[in-house]
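Heads up, start_10.csv below (CSV, C-alpha atoms):
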```
chain,number,residue,atom,x,y,z
A,16,MET,CA,0.0,0.0,0.0
A,17,ALA,CA,1.4,3.4,-0.9
A,18,GLY,CA,2.4,5.7,1.9
A,19,ARG,CA,0.2,8.5,2.9
A,20,LYS,CA,1.2,11.8,1.3
A,21,PRO,CA,2.3,14.5,3.7
A,22,THR,CA,-0.2,17.3,4.2
A,23,ALA,CA,0.5,20.9,3.4
A,24,GLY,CA,0.6,21.7,7.1
A,25,ALA,CA,3.3,19.1,7.6
A,26,VAL,CA,5.4,20.4,4.8
A,27,ILE,CA,5.1,24.0,6.1
A,28,GLN,CA,6.1,22.8,9.6
A,29,ALA,CA,9.1,20.9,8.3
A,30,LEU,CA,10.2,23.9,6.2
A,31,GLY,CA,9.8,26.3,9.2
A,32,ILE,CA,11.8,24.0,11.5
A,33,GLY,CA,14.5,23.5,8.9
A,34,ILE,CA,14.9,27.2,8.2
A,35,GLY,CA,14.8,28.1,11.9
A,36,LEU,CA,17.5,25.5,12.7
A,37,VAL,CA,19.8,26.8,9.9
A,38,ALA,CA,19.4,30.4,11.1
A,39,MET,CA,19.9,29.5,14.7
A,40,VAL,CA,23.0,27.3,14.2
A,41,GLY,CA,24.5,29.7,11.6
A,42,GLY,CA,24.0,32.7,13.9
A,43,PHE,CA,25.6,31.1,16.9
A,44,ALA,CA,28.4,29.6,14.8
A,45,LEU,CA,29.2,33.0,13.3
A,46,ILE,CA,29.3,34.7,16.8
A,47,ALA,CA,31.5,31.9,18.2
A,48,PHE,CA,33.9,32.0,15.2
A,49,GLN,CA,34.3,35.8,14.9
A,50,TYR,CA,33.8,37.1,18.5
A,51,ARG,CA,35.3,36.5,21.9
A,52,PRO,CA,33.8,37.4,25.3
A,53,TYR,CA,35.7,39.6,27.8
A,54,ALA,CA,34.5,40.4,31.4
A,55,VAL,CA,34.7,44.1,32.4
A,56,PRO,CA,35.5,44.3,36.1
A,57,THR,CA,35.5,48.1,36.6
A,58,GLY,CA,33.3,51.0,35.8
A,59,SER,CA,35.9,52.8,33.7
A,60,MET,CA,33.8,52.6,30.6
A,61,GLU,CA,30.5,53.6,32.1
A,62,PRO,CA,27.9,54.5,31.0
A,63,THR,CA,28.7,52.7,27.7
A,64,VAL,CA,29.8,49.5,29.4
A,65,MET,CA,28.9,48.9,33.1
A,66,ALA,CA,31.0,47.2,35.7
A,67,GLY,CA,30.4,43.4,35.8
A,68,GLN,CA,29.2,43.1,32.2
A,69,THR,CA,30.7,40.8,29.7
A,70,VAL,CA,31.3,42.2,26.2
A,71,LEU,CA,31.7,40.6,22.8
A,72,ALA,CA,34.7,41.8,20.8
A,73,GLU,CA,35.3,41.0,17.1
A,74,ARG,CA,38.8,39.8,16.3
A,75,VAL,CA,40.4,42.5,14.3
A,76,SER,CA,43.9,43.9,13.7
A,77,GLY,CA,44.9,46.9,15.7
A,78,ASN,CA,46.1,48.4,12.4
A,79,ASP,CA,42.4,48.5,11.2
A,80,ILE,CA,41.1,50.3,14.3
A,81,GLY,CA,39.9,53.9,14.0
A,82,ARG,CA,39.3,56.8,16.4
A,83,GLY,CA,36.2,56.2,18.5
A,84,ASP,CA,36.4,52.4,18.5
A,85,ILE,CA,36.1,50.6,21.8
A,86,VAL,CA,38.8,48.0,22.0
A,87,VAL,CA,40.0,45.2,24.2
A,88,PHE,CA,43.8,45.3,24.5
A,89,LYS,CA,46.6,43.9,26.6
A,90,ASP,CA,49.9,45.8,27.3
A,91,ALA,CA,52.6,44.8,29.7
A,92,GLN,CA,53.2,48.5,30.7
A,93,TRP,CA,49.5,48.7,31.8
A,94,GLY,CA,49.5,45.5,33.9
A,95,ASP,CA,49.4,42.8,31.1
A,96,THR,CA,45.7,42.1,31.7
A,97,ALA,CA,42.9,42.6,29.2
A,98,MET,CA,41.4,46.1,29.4
A,99,VAL,CA,38.5,47.9,27.6
A,100,LYS,CA,39.0,51.5,26.6
A,101,ARG,CA,38.0,53.9,23.7
A,102,VAL,CA,40.5,54.9,21.0
A,103,VAL,CA,40.7,58.7,21.0
A,104,GLY,CA,43.9,59.2,19.1
A,105,ILE,CA,45.9,57.2,16.5
A,106,GLY,CA,49.5,57.6,15.2
A,107,GLY,CA,50.3,61.2,14.4
A,108,ASP,CA,47.4,62.8,16.3
A,109,HIS,CA,47.8,65.6,18.8
A,110,VAL,CA,45.4,64.8,21.7
A,111,LYS,CA,44.9,67.7,24.2
A,112,CYS,CA,42.7,68.8,27.1
A,113,CYS,CA,41.0,71.0,27.3
A,114,ASP,CA,39.5,73.8,25.2
A,115,ALA,CA,37.5,76.7,26.7
A,116,GLN,CA,34.4,74.5,27.0
A,117,GLY,CA,36.3,71.7,28.7
A,118,ARG,CA,36.4,69.4,25.7
A,119,VAL,CA,39.2,67.1,24.6
A,120,THR,CA,40.6,68.1,21.2
A,121,VAL,CA,42.3,66.0,18.5
A,122,ASN,CA,44.5,67.9,16.1
A,123,GLY,CA,42.9,71.1,17.4
A,124,ILE,CA,39.3,70.1,16.8
A,125,PRO,CA,37.1,69.7,19.9
A,126,LEU,CA,35.2,66.5,20.3
A,127,ALA,CA,31.4,66.5,21.1
A,128,GLU,CA,31.6,63.2,23.0
A,129,SER,CA,28.0,62.1,23.0
A,130,TYR,CA,28.8,58.8,24.6
A,131,LEU,CA,29.8,60.4,27.9
A,132,ASP,CA,27.3,60.7,30.7
A,133,GLU,CA,25.2,63.9,30.2
A,134,ASN,CA,24.3,64.0,33.8
A,135,PRO,CA,27.4,62.8,35.7
A,136,THR,CA,27.0,61.6,39.3
A,137,VAL,CA,29.8,61.0,41.8
A,138,GLY,CA,32.6,59.3,40.0
A,139,ARG,CA,31.6,60.3,36.5
A,140,ALA,CA,33.3,63.5,35.3
A,141,GLY,CA,33.1,65.2,32.0
A,142,PRO,CA,35.5,64.9,29.0
A,143,ALA,CA,38.6,64.9,31.3
A,144,ASP,CA,39.5,66.0,34.8
A,145,GLN,CA,43.1,67.0,34.1
A,146,GLN,CA,45.2,68.9,31.6
A,147,PHE,CA,47.3,66.9,29.1
A,148,SER,CA,48.9,67.2,25.7
A,149,ALA,CA,50.4,64.3,23.8
A,150,VAL,CA,51.4,63.4,20.3
A,151,VAL,CA,50.7,59.8,19.4
A,152,PRO,CA,53.7,58.0,17.9
A,153,ALA,CA,53.2,56.1,14.6
A,154,GLY,CA,51.7,52.6,15.1
A,155,ARG,CA,50.4,53.5,18.6
A,156,LEU,CA,47.0,54.5,20.2
A,157,TRP,CA,45.8,57.0,22.8
A,158,LEU,CA,43.1,55.3,24.9
A,159,MET,CA,40.6,56.8,27.4
A,160,GLY,CA,37.7,55.4,29.4
A,161,ASP,CA,34.3,56.9,29.1
A,162,ASN,CA,34.1,57.4,32.8
A,163,ARG,CA,36.9,60.0,32.9
A,164,ALA,CA,36.8,60.5,36.7
A,165,ILE,CA,38.0,57.0,37.6
A,166,SER,CA,39.5,55.5,34.4
A,167,GLU,CA,43.2,54.7,34.6
A,168,ASP,CA,44.1,55.3,30.9
A,169,SER,CA,46.6,57.0,28.7
A,170,ARG,CA,46.5,60.1,31.0
A,171,VAL,CA,48.2,58.2,33.9
A,172,HIS,CA,50.9,56.7,31.6
A,173,LEU,CA,52.2,59.9,30.1
A,174,ASP,CA,55.8,58.9,31.1
A,175,GLN,CA,55.5,55.8,28.8
A,176,LEU,CA,55.6,56.9,25.1
A,177,ASP,CA,53.1,59.7,25.9
A,178,GLY,CA,50.7,57.3,27.4
A,179,THR,CA,50.1,55.3,24.3
A,180,VAL,CA,50.0,51.5,23.6
A,181,PRO,CA,51.1,49.7,20.4
A,182,ALA,CA,48.3,49.0,17.9
A,183,SER,CA,49.4,45.4,18.0
A,184,SER,CA,48.2,45.1,21.6
A,185,VAL,CA,44.6,45.2,20.4
A,186,LEU,CA,42.7,42.0,20.8
A,187,GLY,CA,39.4,43.0,19.4
A,188,ARG,CA,36.8,45.7,18.8
A,189,VAL,CA,33.9,45.7,21.3
A,190,GLU,CA,30.5,45.6,19.6
A,191,GLY,CA,28.0,44.4,22.2
A,192,VAL,CA,27.2,43.3,25.7
A,193,VAL,CA,26.3,39.6,26.2
A,194,PHE,CA,25.9,39.3,30.0
A,195,PRO,CA,24.0,39.7,32.2
A,196,VAL,CA,21.0,38.6,30.1
A,197,GLY,CA,18.9,41.6,31.0
A,198,SER,CA,21.6,43.9,29.6
A,199,VAL,CA,22.2,42.2,26.3
A,200,HIS,CA,22.6,44.8,23.5
A,201,THR,CA,24.8,45.8,20.6
A,202,ILE,CA,27.0,48.9,20.8
A,203,ASP,CA,26.7,51.2,17.9
A,204,ARG,CA,29.6,52.8,16.0
A,205,THR,CA,30.1,56.4,17.1
A,206,SER,CA,30.1,59.3,14.6
A,207,VAL,CA,31.9,61.7,17.0
A,208,PHE,CA,35.2,61.5,15.1
A,209,ASP,CA,33.7,61.6,11.6
A,210,ALA,CA,34.3,65.4,11.2
A,211,LEU,CA,38.0,65.0,11.7
A,212,PRO,CA,39.9,65.4,8.4
A,213,GLY,CA,42.1,62.6,7.0
A,214,GLY,CA,39.7,59.7,7.7
A,215,HIS,CA,40.5,57.0,10.4
A,216,ALA,CA,37.1,57.5,12.1
A,217,ALA,CA,35.4,54.7,14.0
A,218,THR,CA,35.3,51.5,11.8
A,219,ASP,CA,32.2,49.8,10.6
A,220,HIS,CA,31.1,47.0,12.9
A,221,GLY,CA,30.9,43.3,12.0
A,222,PRO,CA,27.8,41.1,11.7
A,223,LEU,CA,27.1,40.7,15.5
A,224,GLY,CA,23.7,42.3,15.3
A,225,LEU,CA,22.6,40.3,12.3
A,226,ALA,CA,24.0,37.0,13.7
A,227,ALA,CA,22.2,37.6,17.0
A,228,TYR,CA,18.9,38.3,15.3
A,229,ALA,CA,19.4,35.1,13.2
A,230,ALA,CA,20.2,33.0,16.2
A,231,VAL,CA,17.3,34.3,18.3
A,232,GLY,CA,14.9,34.5,15.5
A,233,GLY,CA,15.8,31.0,14.2
A,234,GLY,CA,15.2,29.6,17.7
A,235,ALA,CA,11.9,31.3,18.0
A,236,LEU,CA,10.8,30.0,14.6
A,237,VAL,CA,11.6,26.5,15.6
A,238,LEU,CA,9.7,26.7,18.8
A,239,ILE,CA,6.7,28.4,17.2
A,240,THR,CA,6.5,26.1,14.2
A,241,ALA,CA,6.9,23.0,16.4
A,242,GLY,CA,4.4,24.2,18.9
A,243,ALA,CA,1.9,25.1,16.1
A,244,GLY,CA,2.3,21.6,14.6
A,245,THR,CA,1.7,19.9,18.0
A,246,VAL,CA,-1.4,21.9,18.6
A,247,ALA,CA,-2.7,21.2,15.1
A,248,GLY,CA,-2.1,17.4,15.6
A,249,ILE,CA,-4.0,17.4,18.9
A,250,VAL,CA,-6.9,19.2,17.2
A,251,ASN,CA,-7.0,16.8,14.3
A,252,ARG,CA,-7.0,13.8,16.6
A,253,ARG,CA,-9.8,15.2,18.6
A,254,ARG,CA,-11.9,15.8,15.5
A,255,THR,CA,-11.2,12.3,14.3
A,256,ARG,CA,-12.5,10.8,17.6
A,257,GLU,CA,-15.6,13.0,17.6
A,258,ALA,CA,-16.4,12.1,14.0
```
Could I get this file's structure written as structure tokens?
Amino acid sequence: MAGRKPTAGAVIQALGIGIGLVAMVGGFALIAFQYRPYAVPTGSMEPTVMAGQTVLAERVSGNDIGRGDIVVFKDAQWGDTAMVKRVVGIGGDHVKCCDAQGRVTVNGIPLAESYLDENPTVGRAGPADQQFSAVVPAGRLWLMGDNRAISEDSRVHLDQLDGTVPASSVLGRVEGVVFPVGSVHTIDRTSVFDALPGGHAATDHGPLGLAAYAAVGGGALVLITAGAGTVAGIVNRRRTREA
């Protein structure tokens, strides 16, 4: 006897589950291959990244990093532990604080740093809380935390190559927060440095957002499709018994 042909509902269910599985597995695989998690123990990057959060950083070369990028780096002169800071100056830049409005300047151009806390509380200062002037050597980076009042960054290492670190010390570019679950979000590229001449503004981010949507959306599609199929099966069996 010939086998029963699958119903249209069964075909749609199989397609939904298949597509969902591909999207879910592909999204998670892309994140696992291209990104690496790093725990942030201090509040030096608040309010952009809070103390205790875990970030995802895309594996990129320090030579491809631009002004405004948030990076994970490790440098022996800074304690040889992974740290998270924002790139404010690259090789050849003159980074200075402050102008008449208290803003950090790069090559004489003041920065409107929109990522800083607009209403700072205790421990969160404005653009900077000390005067400094440094020229970034070629192949190196000037780094600052967004929480300027407590961040131990390039300003406290001025006696070591003007507070800079080698671009090769960069381990990745931060693009999102992955833990705790209630704080999961992507971190957008900043346009603060776009007005500076000569390029080298913040770089375009990778596929983290797309991969996350694919993974979560795919998982949801699998659950919804499987659930709908189960409910439909129960309804059909009940109708058969009542017939």
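You will find CA of Thr201 (chain A) at 10.5 Å from CA of Pro222 (chain A).
If you look at CA of Asp79 (chain A) and CA of His215 (chain A), they are 8.7 Å away from each other.
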Report the distance between CA of Asp168 (chain A) and CA of Val180 (chain A) in Å, rounded to one decimal place.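 Going from CA of Asp168 (chain A) over to CA of Val180 (chain A), I get 10.1 Å.
Minimum atom-to-atom distances from A:Ala29, A:Ile85, A:Leu176, A:Ala91 to Asp203 (chain A) were compared using all atoms listed in the file, and the lowest value belongs to A:Ile85.
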Nearest to Ser184 (chain A) by atom-to-atom distance, counting only C-alpha atoms, from A:Val75, A:Ile34, A:Cys113, A:Val64: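 Using only C-alpha atoms, the shortest distance to Ser184 (chain A) belongs to A:Val75.
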Closest to Ala210 (chain A) among A:Leu156, A:Arg118, A:Val193, A:Pro125, using only C-alpha atoms? A:Pro125
Let me make sure I understand: among A:Arg188, A:His220, A:His200, A:Arg101, which one has the smallest atom-to-atom distance to Ser169 (chain A) if we use all atoms listed in the file?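 Residue with the minimum atom-to-atom distance to Ser169 (chain A): A:Arg101.
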Minimum-distance residue to Leu158 (chain A), chosen among A:Arg51, A:Lys100, A:Arg74, A:His109 (using only C-alpha atoms):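 Answer, going by the shortest atom-to-atom distance: A:Lys100.
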Tell me which residues come within 10 Å of (27.8, 57.4, 27.5), as a PyMOL selection string, counting only C-alpha atoms in the file's coordinates. chain A and resi 60-64+128-135+161-162
Hey, what's within 8 Å of Ala54 (chain A) if we count all atoms listed in the file and toss same-chain stuff fewer than 2 positions away? As a ChimeraX atom specification, please? /A:52,56,67-70
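Comparing A:Ala164, A:Leu173, A:Ala72, A:Val151 by their smallest distance to Phe48 (chain A), the closest is A:Ala72 (using only C-alpha atoms).
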